[in-house]
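Here is start.cif, consisting of mmCIF, C-alpha atoms and all ligand atoms:
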```
data_structure
#
loop_
_atom_site.label_atom_id
_atom_site.label_comp_id
_atom_site.auth_asym_id
_atom_site.auth_seq_id
_atom_site.Cartn_x
_atom_site.Cartn_y
_atom_site.Cartn_z
CA MET I 1 13.90 19.09 -19.00
CA ASN I 2 15.80 18.63 -15.74
CA TRP I 3 15.99 15.39 -13.76
CA ALA I 4 13.11 16.24 -11.41
CA SER I 5 10.64 17.00 -14.19
CA LYS I 6 11.78 13.96 -16.12
CA LEU I 7 11.25 11.72 -13.11
CA ALA I 8 7.88 13.14 -12.10
CA LYS I 9 6.32 13.61 -15.52
CA PRO I 10 5.06 10.06 -16.19
CA TYR I 11 3.00 10.24 -12.99
CA ARG I 12 1.58 13.75 -13.40
CA VAL I 13 -2.04 14.06 -14.49
CA SER I 14 -2.94 17.65 -15.43
CA ASP I 15 -5.98 16.83 -17.50
CA GLY I 16 -8.24 14.08 -16.26
CA ASP I 17 -10.24 13.41 -19.43
CA LYS I 18 -8.35 10.34 -20.52
CA PHE I 19 -7.22 9.18 -17.10
CA ARG I 20 -7.56 5.49 -16.35
CA LEU I 21 -6.20 4.03 -13.15
CA LYS I 22 -5.34 0.75 -14.87
CA ASP I 23 -2.71 2.58 -16.92
CA PHE I 24 -0.70 3.17 -13.72
CA ASP I 25 1.26 0.31 -12.24
CA PRO I 26 1.73 0.39 -8.42
CA GLN I 27 4.95 -1.61 -8.83
CA ASP I 28 6.56 0.77 -11.30
CA THR I 29 10.03 1.99 -10.33
CA GLY I 30 10.85 3.90 -13.50
CA GLU I 31 14.47 3.59 -14.50
CA PHE I 32 15.53 2.54 -11.01
CA LYS I 33 16.23 -1.02 -10.04
CA SER I 34 16.82 -0.75 -6.32
CA LYS I 35 16.57 1.40 -3.23
CA GLU I 36 20.36 1.79 -3.20
CA GLU I 37 20.34 3.13 -6.73
CA ALA I 38 17.80 5.81 -5.79
CA LYS I 39 19.35 6.77 -2.45
CA GLY I 40 21.74 9.45 -3.71
CA LEU I 41 19.10 11.21 -5.75
CA LEU I 42 16.61 11.19 -2.88
CA GLU I 43 19.19 12.78 -0.58
CA LYS I 44 20.02 15.36 -3.23
CA SER I 45 16.38 16.28 -3.71
CA VAL I 46 15.68 16.54 0.01
CA ALA I 47 18.59 18.99 0.29
CA HIS I 48 17.35 20.90 -2.73
CA ILE I 49 13.84 21.18 -1.29
CA GLU I 50 15.38 22.71 1.82
CA GLU I 51 17.16 25.39 -0.23
CA LEU I 52 14.09 26.18 -2.28
CA GLN I 53 11.89 26.32 0.81
CA ASP I 54 14.25 28.88 2.34
CA LYS I 55 13.71 31.15 -0.67
CA LEU I 56 9.96 30.54 -0.61
CA TYR I 57 9.94 31.72 3.00
CA ALA I 58 12.20 34.72 2.38
CA GLN I 59 10.13 35.85 -0.59
CA ASP I 60 6.86 35.46 1.30
CA ARG I 61 4.61 35.54 -1.77
CA TRP I 62 3.72 32.00 -2.79
CA CYS I 63 2.73 29.11 -0.61
CA LEU I 64 2.68 25.45 -1.48
CA LEU I 65 -0.15 23.09 -0.57
CA LEU I 66 0.65 19.40 -0.85
CA ILE I 67 -2.27 17.02 -0.56
CA PHE I 68 -1.79 13.33 0.19
CA GLN I 69 -4.53 10.78 -0.39
CA ALA I 70 -4.26 7.02 -0.33
CA MET I 71 -5.62 3.75 0.91
CA ASP I 72 -4.39 2.69 4.36
CA ALA I 73 -0.76 1.55 4.61
CA ALA I 74 0.13 3.13 1.27
CA GLY I 75 2.89 5.09 2.97
CA LYS I 76 1.60 8.65 3.33
CA ASP I 77 3.17 9.22 6.71
CA GLY I 78 6.55 7.82 5.70
CA ALA I 79 6.63 9.82 2.46
CA ILE I 80 5.82 13.04 4.32
CA LYS I 81 8.44 12.30 6.99
CA HIS I 82 11.24 11.50 4.56
CA VAL I 83 10.67 14.07 1.88
CA MET I 84 10.26 16.90 4.37
CA SER I 85 13.12 15.77 6.61
CA GLY I 86 15.45 18.56 5.51
CA ILE I 87 12.99 21.40 5.92
CA ASN I 88 13.07 24.08 8.57
CA PRO I 89 10.12 23.10 10.80
CA GLN I 90 9.05 26.75 10.95
CA GLY I 91 8.42 26.76 7.22
CA CYS I 92 6.22 23.72 7.14
CA GLN I 93 2.77 22.93 8.50
CA VAL I 94 1.31 19.43 8.50
CA TYR I 95 -2.37 18.88 9.10
CA SER I 96 -4.01 15.44 9.36
CA PHE I 97 -7.69 15.33 8.59
CA LYS I 98 -9.69 12.75 10.54
CA ALA I 99 -13.41 12.07 10.48
CA PRO I 100 -15.10 15.45 11.07
CA SER I 101 -16.01 16.48 14.62
CA ASN I 102 -19.48 17.63 15.64
CA GLU I 103 -18.36 21.23 15.41
CA GLU I 104 -17.01 20.65 11.91
CA LEU I 105 -20.23 18.92 10.86
CA ASP I 106 -22.08 22.11 11.74
CA HIS I 107 -20.32 23.77 8.81
CA ASP I 108 -19.81 23.17 5.11
CA TYR I 109 -17.07 20.65 4.39
CA LEU I 110 -14.48 23.17 3.24
CA TRP I 111 -14.72 25.15 6.48
CA ARG I 112 -12.09 23.12 8.30
CA THR I 113 -9.87 23.20 5.22
CA THR I 114 -9.86 26.96 4.96
CA ARG I 115 -8.80 27.25 8.58
CA ASN I 116 -5.77 25.05 8.00
CA LEU I 117 -4.42 26.41 4.74
CA PRO I 118 -0.71 27.31 4.69
CA GLU I 119 0.43 30.89 5.10
CA ARG I 120 2.42 32.62 2.38
CA GLY I 121 6.01 31.48 2.37
CA ARG I 122 5.13 28.10 3.88
CA ILE I 123 4.63 24.58 2.73
CA GLY I 124 1.35 23.14 3.97
CA ILE I 125 0.81 19.41 3.96
CA PHE I 126 -2.60 17.83 4.11
CA ASN I 127 -2.44 14.23 5.29
CA ARG I 128 -5.88 13.39 3.85
CA SER I 129 -8.07 16.31 2.89
CA TYR I 130 -11.41 17.49 1.52
CA TYR I 131 -10.97 14.77 -1.09
CA GLU I 132 -12.30 12.35 1.55
CA GLU I 133 -15.61 14.01 0.72
CA VAL I 134 -15.65 12.22 -2.65
CA LEU I 135 -13.92 9.06 -1.39
CA VAL I 136 -14.94 7.64 2.00
CA VAL I 137 -18.18 9.64 1.91
CA ARG I 138 -18.99 8.26 -1.53
CA VAL I 139 -18.13 4.67 -0.64
CA HIS I 140 -20.18 4.85 2.59
CA PRO I 141 -23.44 6.70 1.89
CA ASP I 142 -24.33 6.76 5.61
CA VAL I 143 -21.44 9.20 6.15
CA LEU I 144 -23.20 11.64 3.86
CA GLU I 145 -26.37 11.22 5.93
CA HIS I 146 -24.39 12.47 8.94
CA GLU I 147 -23.39 15.65 7.17
CA LYS I 148 -26.77 17.24 7.81
CA ILE I 149 -27.07 18.64 4.33
CA PRO I 150 -30.72 19.51 3.61
CA ALA I 151 -32.37 16.57 1.82
CA LYS I 152 -33.56 18.86 -0.93
CA LEU I 153 -29.94 19.62 -1.90
CA ARG I 154 -28.86 16.02 -2.23
CA SER I 155 -29.24 14.16 -5.49
CA LYS I 156 -27.45 11.87 -7.89
CA ASP I 157 -25.50 14.96 -8.95
CA THR I 158 -23.93 15.39 -5.52
CA TRP I 159 -20.53 14.01 -6.59
CA LYS I 160 -20.44 15.99 -9.80
CA GLU I 161 -21.29 19.11 -7.83
CA ARG I 162 -18.56 18.37 -5.31
CA PHE I 163 -16.01 18.00 -8.10
CA GLN I 164 -17.09 21.36 -9.51
CA ASP I 165 -16.91 23.05 -6.13
CA ILE I 166 -13.49 21.57 -5.37
CA CYS I 167 -12.17 22.69 -8.76
CA SER I 168 -13.51 26.21 -8.22
CA PHE I 169 -11.99 26.32 -4.75
CA GLU I 170 -8.59 25.21 -6.04
CA ARG I 171 -8.78 27.69 -8.91
CA TYR I 172 -9.50 30.45 -6.41
CA LEU I 173 -6.60 29.44 -4.18
CA SER I 174 -4.19 29.19 -7.07
CA ARG I 175 -5.21 32.63 -8.31
CA ASN I 176 -4.22 33.96 -4.90
CA GLY I 177 -0.78 32.43 -4.75
CA THR I 178 -1.37 28.95 -3.35
CA VAL I 179 0.36 26.38 -5.51
CA ILE I 180 -1.47 23.06 -5.21
CA ARG I 181 -0.03 19.62 -5.90
CA LYS I 182 -1.94 16.44 -5.11
CA PHE I 183 -0.54 12.98 -4.56
CA PHE I 184 -2.40 9.73 -4.80
CA LEU I 185 -0.14 7.00 -3.45
CA ASN I 186 -1.15 4.09 -5.60
CA VAL I 187 -0.60 0.90 -3.60
CA SER I 188 -1.82 -2.50 -4.82
CA LYS I 189 -4.29 -4.58 -2.83
CA LYS I 190 -1.69 -7.32 -2.55
CA GLU I 191 0.99 -5.03 -1.13
CA GLN I 192 -1.49 -3.54 1.34
CA LYS I 193 -2.19 -7.05 2.62
CA ARG I 194 1.54 -7.68 3.04
CA ARG I 195 1.91 -4.47 5.05
CA PHE I 196 -1.10 -5.25 7.26
CA LEU I 197 0.35 -8.67 7.99
CA ALA I 198 3.66 -7.06 8.92
CA ARG I 199 1.78 -4.78 11.30
CA LEU I 200 0.26 -7.83 12.95
CA GLN I 201 3.47 -9.83 13.09
CA GLU I 202 6.06 -7.26 14.16
CA PRO I 203 5.52 -5.98 17.73
CA GLU I 204 6.93 -2.53 16.95
CA LYS I 205 4.38 -2.16 14.15
CA ASN I 206 1.37 -3.41 16.15
CA TRP I 207 0.33 0.11 17.12
CA LYS I 208 -0.25 0.97 13.47
CA PHE I 209 -2.78 -1.80 13.03
CA SER I 210 -6.45 -1.00 13.07
CA PRO I 211 -9.13 -3.68 12.44
CA GLU I 212 -11.18 -1.01 10.70
CA ASP I 213 -8.53 -0.68 8.01
CA VAL I 214 -8.97 -4.35 7.18
CA ARG I 215 -12.72 -3.89 6.93
CA GLU I 216 -12.21 -1.07 4.42
CA ARG I 217 -10.41 -3.55 2.17
CA GLU I 218 -13.78 -5.14 1.43
CA HIS I 219 -14.64 -1.95 -0.42
CA TRP I 220 -11.42 -1.89 -2.41
CA ASP I 221 -13.06 -1.85 -5.84
CA ASP I 222 -15.48 0.91 -4.85
CA TYR I 223 -12.57 2.95 -3.57
CA MET I 224 -10.61 2.46 -6.78
CA GLN I 225 -13.60 3.61 -8.79
CA ALA I 226 -14.01 6.64 -6.55
CA TYR I 227 -10.30 7.50 -6.88
CA GLU I 228 -10.44 7.17 -10.64
CA ASP I 229 -13.50 9.36 -10.94
CA MET I 230 -11.98 11.89 -8.54
CA ILE I 231 -8.78 12.20 -10.58
CA ARG I 232 -10.68 12.35 -13.87
CA ASN I 233 -12.70 15.26 -12.56
CA THR I 234 -10.21 17.24 -10.51
CA ALA I 235 -6.87 16.97 -12.32
CA THR I 236 -6.08 20.39 -13.73
CA LYS I 237 -3.05 22.27 -14.95
CA HIS I 238 -2.89 24.48 -11.87
CA ALA I 239 -3.67 21.64 -9.44
CA PRO I 240 -2.45 18.37 -10.97
CA TRP I 241 -2.58 14.92 -9.41
CA TYR I 242 0.50 12.75 -9.25
CA VAL I 243 -0.42 9.08 -9.33
CA VAL I 244 2.60 7.76 -7.47
CA PRO I 245 3.51 4.06 -7.58
CA ALA I 246 3.43 2.97 -3.95
CA ASP I 247 4.40 -0.69 -3.77
CA ASN I 248 8.03 0.33 -3.24
CA LYS I 249 8.33 2.99 -0.59
CA TRP I 250 11.73 4.22 -1.76
CA PHE I 251 10.33 4.96 -5.20
CA THR I 252 7.22 6.66 -3.80
CA ARG I 253 9.46 9.03 -1.85
CA LEU I 254 11.64 9.74 -4.84
CA VAL I 255 8.70 10.64 -7.08
CA VAL I 256 7.12 12.85 -4.41
CA ALA I 257 10.45 14.62 -3.84
CA ALA I 258 10.94 15.12 -7.57
CA ALA I 259 7.45 16.55 -7.95
CA ILE I 260 8.11 19.07 -5.17
CA VAL I 261 11.47 20.07 -6.66
CA GLU I 262 9.86 20.44 -10.06
CA THR I 263 7.10 22.61 -8.63
CA LEU I 264 9.31 24.89 -6.53
CA GLU I 265 11.83 25.31 -9.35
CA GLY I 266 8.96 26.32 -11.62
CA LEU I 267 8.29 29.30 -9.34
CA LYS I 268 11.72 30.80 -10.14
CA LEU I 269 12.19 31.77 -6.52
CA SER I 270 14.87 34.18 -5.42
CA TYR I 271 15.84 36.02 -2.26
CA PRO I 272 14.30 39.49 -2.03
CA GLU I 273 16.43 42.23 -3.61
CA VAL I 274 17.91 44.76 -1.22
CA ASP I 275 16.89 48.29 -2.28
CA PRO I 276 19.31 51.27 -2.02
CA GLN I 277 17.70 52.54 1.17
CA LYS I 278 18.08 49.15 2.84
CA ARG I 279 21.65 48.85 1.55
CA LYS I 280 22.47 52.13 3.30
CA GLU I 281 21.00 50.81 6.53
CA LEU I 282 23.07 47.64 6.25
CA GLN I 283 26.22 49.69 5.70
CA ALA I 284 25.47 51.87 8.69
CA ALA I 285 24.84 48.79 10.84
CA ARG I 286 28.14 47.28 9.72
CA LYS I 287 29.97 50.49 10.68
CA ALA I 288 28.26 50.65 14.04
CA LEU I 289 29.15 47.04 14.77
CA ALA I 290 32.76 47.60 13.78
CA SER I 291 33.16 50.49 16.18
CA ASN I 292 32.01 48.84 19.38
P1 LIG O 1 -4.38 7.51 8.58
O1 LIG O 1 -5.47 6.48 8.46
O2 LIG O 1 -4.55 8.67 7.66
O3 LIG O 1 -3.02 6.93 8.56
P2 LIG O 1 -4.95 7.57 11.37
O4 LIG O 1 -5.12 6.09 11.30
O5 LIG O 1 -4.07 8.17 12.41
O6 LIG O 1 -4.50 8.17 10.01
P3 LIG O 1 -7.77 7.70 11.47
O7 LIG O 1 -8.37 7.79 12.81
O8 LIG O 1 -7.81 6.44 10.70
O9 LIG O 1 -6.31 8.27 11.56
O10 LIG O 1 -8.41 8.92 10.67
C1 LIG O 1 -8.51 8.93 9.35
C2 LIG O 1 -9.92 8.50 9.01
O11 LIG O 1 -10.72 9.65 8.91
C3 LIG O 1 -9.97 7.80 7.69
O12 LIG O 1 -10.66 6.57 7.80
C4 LIG O 1 -10.75 8.75 6.81
O13 LIG O 1 -11.53 8.09 5.86
C5 LIG O 1 -11.56 9.53 7.81
N1 LIG O 1 -11.95 10.84 7.29
C6 LIG O 1 -11.15 11.85 6.96
N2 LIG O 1 -11.86 12.88 6.43
C7 LIG O 1 -13.15 12.48 6.48
C8 LIG O 1 -14.36 13.09 6.08
N3 LIG O 1 -14.40 14.30 5.55
N4 LIG O 1 -15.48 12.41 6.26
C9 LIG O 1 -15.47 11.19 6.80
N5 LIG O 1 -14.36 10.55 7.19
C10 LIG O 1 -13.21 11.19 7.01
MG MG O 2 -6.29 5.16 9.79
#
```
Now that the file is in, can you turn its structure into structure tokens?
Ligand code: ATP
Ligand code: MG
Amino acid sequence: MNWASKLAKPYRVSDGDKFRLKDFDPQDTGEFKSKEEAKGLLEKSVAHIEELQDKLYAQDRWCLLLIFQAMDAAGKDGAIKHVMSGINPQGCQVYSFKAPSNEELDHDYLWRTTRNLPERGRIGIFNRSYYEEVLVVRVHPDVLEHEKIPAKLRSKDTWKERFQDICSFERYLSRNGTVIRKFFLNVSKKEQKRRFLARLQEPEKNWKFSPEDVREREHWDDYMQAYEDMIRNTATKHAPWYVVPADNKWFTRLVVAAAIVETLEGLKLSYPEVDPQKRKELQAARKALASN
């Protein structure tokens, strides 16, 4: 096993049956003791992701969909920014899902997802996703009311049905060449409080603060239950969850980077082979260039 797989493995959940959130410590930093110790490896993996992404793009067969879910202030934005910092912007698409618009509410909940899926050869990043449909919507039943689903179709089985539909959707995508990896940035309630306070105290962080985020904290336990149930029901071999410790941002970024390296390496990517016809064309072009 190479370093990336070794680093990412403890956090990968490919079969949800036995998953329990309490088995995952938000403060975990694996074998690393400090940010400085991890710095070199993070830089190496960011560079490696860039190389692999170049091949992904050249080959134009697979695409990678990375889904990020977390409580507020868990560090989604920072993880995306750092891990993707080496990538050619043309090969990467980031989409942030907010509360659905009126137009989006006139459709089924996967409609807006389908429209924003990555193209072949690209890395698509979902900053939040259709998983909100079994998180915020589950914690706040009035959000479901807004979705205009016929009353007859709603029941206590709604969440189970959503899990099934999401799994089928991900199976379908993966059968068509979309490689899906999902990240739950697992921050503790205590660390979230510390980060909110920093947002209030430091002027350059004030803009990040939203009073609504603090209100959501009151539902912390409901959210944790929803996350646990979500992972139990949607972690699969072809679309695993990574439960990433998120109390130390440097470690979060390292695990996310390792998981991406592990995934892209698993695809055994290579630059397209040049066939004899094309080789002839290249030779002719070289000659032509040499003579004028
Ligand atoms: P973030 O909170 O992700 O850092 P942000 O603060 O810029 O981003 P917000 O305006 O808070 O953006 O938008 C995200 C909000 O949208 C979250 O509170 C999330 O729960 C909500 N949301 C996303 N998808 C849905 C959905 N399908 N149904 C209801 N609410 C959703
Ligand atoms: Mg927000």
| task | Take atom CA of I:Phe196 and atom CA of I:Phe209 and report the distance between them in Å, one decimal. | result |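 Result for atom CA of I:Phe196 versus atom CA of I:Phe209: 6.9 Å, one decimal.
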| task | List the neighbours of I:Lys98 out to 10 Å using all atoms listed in the file; skip same-chain residues closer than 5 positions along the sequence, and give me the result as a PyMOL selection string. | result | chain I and resi 127-129+132
| field | Among the residues I:Val274, I:Leu21, I:Ala74, I:Leu65, the one that comes closest to ligand MG 2 (chain O) [using only C-alpha atoms and all ligand atoms] | value |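 Among the listed residues, the smallest separation from ligand MG 2 (chain O) belongs to I:Ala74.
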| request: Take atom CA of I:Ile87 and atom CA of I:Glu50 and report the distance between them in Å, one decimal. | output: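 Separation of atom CA of I:Ile87 and atom CA of I:Glu50: 4.9 Å.
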| message | Using only C-alpha atoms and a cutoff of 12 Å, can you tell me which residues are near (-11.9, 10.1, -13.5) in the file's coordinates, and write them out as a ChimeraX atom specification? | response | /I:13-22,134,159-160,163,224-236,241
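Among I:Phe68, I:Tyr271, I:Trp3, I:Phe32, the residue with the shortest atom-to-atom distance to I:Gln53, counting all atoms listed in the file, is I:Tyr271.
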| task | Anything within 12 Å of (5.2, 10.1, -15.7): list those residues as a PyMOL selection string, counting all atoms listed in the file and sticking to the file's coordinates. | result | chain I and resi 4-14+23-25+28-31+241-245+255-256+258-259
For the selection just defined, write its residues with C-alpha atoms to a file, as a PDB file, keeping the file's coordinate frame.
```
ATOM      1  CA  ALA I   4      13.110  16.240 -11.410  1.00  0.00           C
ATOM      2  CA  SER I   5      10.640  17.000 -14.190  1.00  0.00           C
ATOM      3  CA  LYS I   6      11.780  13.960 -16.120  1.00  0.00           C
ATOM      4  CA  LEU I   7      11.250  11.720 -13.110  1.00  0.00           C
ATOM      5  CA  ALA I   8       7.880  13.140 -12.100  1.00  0.00           C
ATOM      6  CA  LYS I   9       6.320  13.610 -15.520  1.00  0.00           C
ATOM      7  CA  PRO I  10       5.060  10.060 -16.190  1.00  0.00           C
ATOM      8  CA  TYR I  11       3.000  10.240 -12.990  1.00  0.00           C
ATOM      9  CA  ARG I  12       1.580  13.750 -13.400  1.00  0.00           C
ATOM     10  CA  VAL I  13      -2.040  14.060 -14.490  1.00  0.00           C
ATOM     11  CA  SER I  14      -2.940  17.650 -15.430  1.00  0.00           C
ATOM     12  CA  ASP I  23      -2.710   2.580 -16.920  1.00  0.00           C
ATOM     13  CA  PHE I  24      -0.700   3.170 -13.720  1.00  0.00           C
ATOM     14  CA  ASP I  25       1.260   0.310 -12.240  1.00  0.00           C
ATOM     15  CA  ASP I  28       6.560   0.770 -11.300  1.00  0.00           C
ATOM     16  CA  THR I  29      10.030   1.990 -10.330  1.00  0.00           C
ATOM     17  CA  GLY I  30      10.850   3.900 -13.500  1.00  0.00           C
ATOM     18  CA  GLU I  31      14.470   3.590 -14.500  1.00  0.00           C
ATOM     19  CA  TRP I 241      -2.580  14.920  -9.410  1.00  0.00           C
ATOM     20  CA  TYR I 242       0.500  12.750  -9.250  1.00  0.00           C
ATOM     21  CA  VAL I 243      -0.420   9.080  -9.330  1.00  0.00           C
ATOM     22  CA  VAL I 244       2.600   7.760  -7.470  1.00  0.00           C
ATOM     23  CA  PRO I 245       3.510   4.060  -7.580  1.00  0.00           C
ATOM     24  CA  VAL I 255       8.700  10.640  -7.080  1.00  0.00           C
ATOM     25  CA  VAL I 256       7.120  12.850  -4.410  1.00  0.00           C
ATOM     26  CA  ALA I 258      10.940  15.120  -7.570  1.00  0.00           C
ATOM     27  CA  ALA I 259       7.450  16.550  -7.950  1.00  0.00           C
TER      28      ALA I 259
END
```
